[in-house]
Amino acid sequence: MNAKAYYESDADLGRLQDKTICVLGYGSQGRAHARNLHDSGLRVVVGLREGSPSFERVAADGLEAAPLARAVAEADLTAFLLPDPDQPQVYRDFVAPALGPGRTLLFAHGFNIHYGQIIPPPEVDVIMVAPKGPGKIVRELFEAGQGVPCLVAVHQDVSGEGLAIGLAYAKGLGGTRAGVIETTFIEEAETDLFGEQAVLCGGVTALMKAGFETLVEAGYAPEMAFFECVHEMKLIIDLVHQGGLKHMRRFVSDTAKYGDVTRGPRIITDQVRRTMKDILAEIQTGEFAREWVLENRAGRPVYSALLRREAAHPVDEVGDRMRAMMKWLGSGGGS
């Protein structure tokens, strides 16, 4: 069964008109949420730690900032736009003491609620609004009169208005201009983690490195391996993004299409699919969440060591040299 979608006429900004929204964090998503909500006519206070350099940036954006305790105390709705590992402590130290009937907690990811890192009291609404795009795009499309599709979910609905409040918040972001899909905290958390691990980050980066290494080990120039296995990935993904697999296949050669449909299944074998199912099971049982929580509590030793190893991989050294030839990529370019 297809998920239900909501649009502009389904959402009423009036649900939040007389409310104070506290946005916790002013990174990419936090800044986009705060600015879009403010420009939609809603009252926003950005909650920051004492001494945070973001106070100046918030002021420069024409918004109000306040220390965490004060911002949360004033809020009718508190939106968690902090990194997942930072949220539980901020919740315990600043948010939980200020909670009471009539308050709403909003998340942009289901991780901490689904895996029990944050357990709200039963008298508050707990909802999620998750834009399916980076903060930069959330802001740019809003300014252009468009919007990024969002997800909406209700975990606790004491007031009976959880969905309506979530849709009003999504409308303030511009999300109802594109469409807001109804989901659950469980579904969002588990599919998001799986997509990151098995496909978007883990799967794609491992595939690109394996292709690069295979060609280099066979004696081909690293520059050629980089172009064919890393650089051109964006060209293919852009075509898929624009119109799906069928669209991409209209724009590549017949030779590429034949290699695609005959060799692709030999790469993604039954063993790979079994591994994907194992990864999904680790997510569903909470094994991955426990591992990640413990890694953070230990100071991230494994995480940091693995990132250092990845940063030293030849594919990035070669990529840096190749990108230096492509001035049009700018400083933000990269594979």
# chains A, B, ... in the order shown; residues from 1 in each chain; ligands from 1
$ residues_around --residues "A:Glu123" --least-positions-apart "4" --cutoff "8 Å" --atoms "only C-alpha atoms" --output "ChimeraX atom specification"
/A:100-102,158
$ write_last_selection --atoms "C-alpha atoms" --output "mmCIF file, in the first residue's frame"
data_model
loop_
_atom_site.group_PDB
_atom_site.id
_atom_site.type_symbol
_atom_site.label_atom_id
_atom_site.label_comp_id
_atom_site.auth_asym_id
_atom_site.auth_seq_id
_atom_site.Cartn_x
_atom_site.Cartn_y
_atom_site.Cartn_z
ATOM 1 C CA GLY A 100 5.088 19.482 30.865
ATOM 2 C CA PRO A 101 1.586 19.131 29.437
ATOM 3 C CA GLY A 102 1.048 21.026 26.209
ATOM 4 C CA VAL A 158 -1.496 13.373 23.682
#
$ residues_around --residues "A:Val124" --least-positions-apart "4" --cutoff "12 Å" --atoms "only C-alpha atoms" --output "MDAnalysis selection string"
chainID A and resid 76:78 95:96 98:106 119:120 154:162
$ atom_distance --atom1 "atom CA of A:Leu200" --atom2 "atom CA of A:Ile237"
11.0 Å
$ residues_around --residues "stretch 290-297 of chain A" --least-positions-apart "5" --cutoff "9 Å" --atoms "only C-alpha atoms" --output "ChimeraX atom specification"
/A:85,115,117,302-303
$ select_by_dssp --residues "stretch 56-123 of chain A" --states "alpha helix (DSSP H)" --output "list of chain:residue names"
A:Glu56, A:Arg57, A:Val58, A:Ala59, A:Ala60, A:Leu68, A:Ala69, A:Arg70, A:Ala71, A:Val72, A:Ala73, A:Glu74, A:Gln87, A:Pro88, A:Gln89, A:Val90, A:Phe111, A:Asn112, A:Ile113, A:His114
$ atom_distance --atom1 "atom CA of A:Asp278" --atom2 "atom CA of A:Val204"
17.6 Å
$ residues_around --residues "stretch 205-218 of chain A" --least-positions-apart "3" --cutoff "7 Å" --atoms "only C-alpha atoms" --output "PDB file with N, CA and C atoms, in the first residue's frame"
ATOM      1  N   CYS A 201      26.085   5.376   1.296  1.00  0.00           N
ATOM      2  CA  CYS A 201      27.438   5.693   1.785  1.00  0.00           C
ATOM      3  C   CYS A 201      28.300   4.438   1.774  1.00  0.00           C
ATOM      4  N   GLY A 202      27.960   3.465   2.620  1.00  0.00           N
ATOM      5  CA  GLY A 202      28.766   2.245   2.697  1.00  0.00           C
ATOM      6  C   GLY A 202      28.852   1.493   1.384  1.00  0.00           C
ATOM      7  N   ALA A 221      46.371   2.903 -15.256  1.00  0.00           N
ATOM      8  CA  ALA A 221      46.752   4.148 -14.593  1.00  0.00           C
ATOM      9  C   ALA A 221      45.713   4.519 -13.536  1.00  0.00           C
ATOM     10  N   PRO A 222      46.167   4.947 -12.353  1.00  0.00           N
ATOM     11  CA  PRO A 222      45.220   5.356 -11.309  1.00  0.00           C
ATOM     12  C   PRO A 222      44.281   6.468 -11.787  1.00  0.00           C
ATOM     13  N   ALA A 225      41.527   4.850 -13.643  1.00  0.00           N
ATOM     14  CA  ALA A 225      40.663   4.138 -12.704  1.00  0.00           C
ATOM     15  C   ALA A 225      39.759   5.116 -11.964  1.00  0.00           C
ATOM     16  N   PHE A 226      40.306   6.273 -11.602  1.00  0.00           N
ATOM     17  CA  PHE A 226      39.517   7.285 -10.901  1.00  0.00           C
ATOM     18  C   PHE A 226      38.387   7.792 -11.792  1.00  0.00           C
ATOM     19  N   CYS A 229      35.676   4.900 -12.336  1.00  0.00           N
ATOM     20  CA  CYS A 229      34.989   4.285 -11.193  1.00  0.00           C
ATOM     21  C   CYS A 229      34.507   5.278 -10.136  1.00  0.00           C
ATOM     22  N   VAL A 230      34.972   6.523 -10.220  1.00  0.00           N
ATOM     23  CA  VAL A 230      34.576   7.508  -9.214  1.00  0.00           C
ATOM     24  C   VAL A 230      33.973   8.753  -9.871  1.00  0.00           C
ATOM     25  N   VAL A 315      42.518   6.448  -3.624  1.00  0.00           N
ATOM     26  CA  VAL A 315      41.481   6.983  -4.497  1.00  0.00           C
ATOM     27  C   VAL A 315      41.276   8.477  -4.236  1.00  0.00           C
TER      28      VAL A 315
END
$ residues_around --residues "A:Asp39" --least-positions-apart "2" --cutoff "12 Å" --atoms "only C-alpha atoms" --output "PyMOL selection string"
chain A and resi 32-37+41-44+61-63+139+142-143+145+171-174
$ atom_distance --atom1 "atom CA of A:Pro149" --atom2 "atom CA of A:Ile137"
11.0 Å
$ residues_around --residues "A:Ile181" --least-positions-apart "5" --cutoff "9 Å" --atoms "only C-alpha atoms" --output "PDB file with C-alpha atoms, in the first residue's frame"
ATOM      1  CA  ALA A   3       2.090   5.915   1.824  1.00  0.00           C
ATOM      2  CA  LYS A   4      -0.282   8.848   2.289  1.00  0.00           C
ATOM      3  CA  ALA A   5       0.903  12.236   1.006  1.00  0.00           C
ATOM      4  CA  TYR A   6      -0.118  15.704   2.204  1.00  0.00           C
ATOM      5  CA  PRO A 149       9.628  16.656   0.125  1.00  0.00           C
ATOM      6  CA  CYS A 150       9.355  15.793   3.823  1.00  0.00           C
ATOM      7  CA  LEU A 151       8.393  12.860   6.001  1.00  0.00           C
ATOM      8  CA  VAL A 152       5.979  13.281   8.899  1.00  0.00           C
ATOM      9  CA  ALA A 153       5.371  10.870  11.779  1.00  0.00           C
TER      10      ALA A 153
END
$ residues_around --residues "A:Pro97" --least-positions-apart "4" --cutoff "10 Å" --atoms "only C-alpha atoms" --output "tab-separated table (two decimals) with all heavy atoms, in the first residue's frame"
chain	number	residue	atom	x	y	z
A	69	ALA	N	18.89	26.53	28.11
A	69	ALA	CA	17.88	26.43	29.17
A	69	ALA	C	16.75	27.42	28.97
A	69	ALA	O	15.56	27.09	29.11
A	69	ALA	CB	18.53	26.61	30.54
A	72	VAL	N	14.57	26.62	25.70
A	72	VAL	CA	13.67	25.48	25.88
A	72	VAL	C	12.53	25.84	26.82
A	72	VAL	O	11.38	25.44	26.61
A	72	VAL	CB	14.46	24.26	26.40
A	72	VAL	CG1	13.51	23.14	26.81
A	72	VAL	CG2	15.44	23.77	25.34
A	73	ALA	N	12.83	26.61	27.87
A	73	ALA	CA	11.80	26.98	28.84
A	73	ALA	C	10.69	27.80	28.20
A	73	ALA	O	9.52	27.71	28.59
A	73	ALA	CB	12.43	27.76	29.99
A	91	TYR	N	18.96	16.63	25.86
A	91	TYR	CA	17.60	16.33	26.35
A	91	TYR	C	17.61	16.21	27.87
A	91	TYR	O	16.77	16.83	28.56
A	91	TYR	CB	17.07	15.04	25.73
A	91	TYR	CG	15.74	14.62	26.32
A	91	TYR	CD1	14.56	15.21	25.91
A	91	TYR	CD2	15.70	13.65	27.32
A	91	TYR	CE1	13.34	14.85	26.48
A	91	TYR	CE2	14.48	13.28	27.89
A	91	TYR	CZ	13.32	13.89	27.47
A	91	TYR	OH	12.12	13.55	28.05
A	92	ARG	N	18.52	15.41	28.41
A	92	ARG	CA	18.57	15.19	29.86
A	92	ARG	C	18.86	16.49	30.62
A	92	ARG	O	18.23	16.78	31.64
A	92	ARG	CB	19.62	14.15	30.22
A	92	ARG	CG	19.28	12.73	29.80
A	92	ARG	CD	20.25	11.74	30.42
A	92	ARG	NE	21.62	11.96	29.97
A	92	ARG	CZ	22.16	11.38	28.93
A	92	ARG	NH1	21.45	10.54	28.19
A	92	ARG	NH2	23.43	11.62	28.60
A	93	ASP	N	19.83	17.27	30.13
A	93	ASP	CA	20.29	18.44	30.88
A	93	ASP	C	19.38	19.66	30.75
A	93	ASP	O	19.26	20.44	31.70
A	93	ASP	CB	21.70	18.82	30.43
A	93	ASP	CG	22.73	17.77	30.79
A	93	ASP	OD1	22.40	16.85	31.57
A	93	ASP	OD2	23.88	17.85	30.29
$ closest_residue --among "A:Met276, A:Ile268, A:Val240, A:Met233" --to "A:Glu196" --atoms "only C-alpha atoms"
A:Met276
$ closest_residue --among "A:Ser52, A:Thr20, A:Gln197, A:Thr255" --to "A:Thr275" --atoms "only C-alpha atoms"
A:Gln197
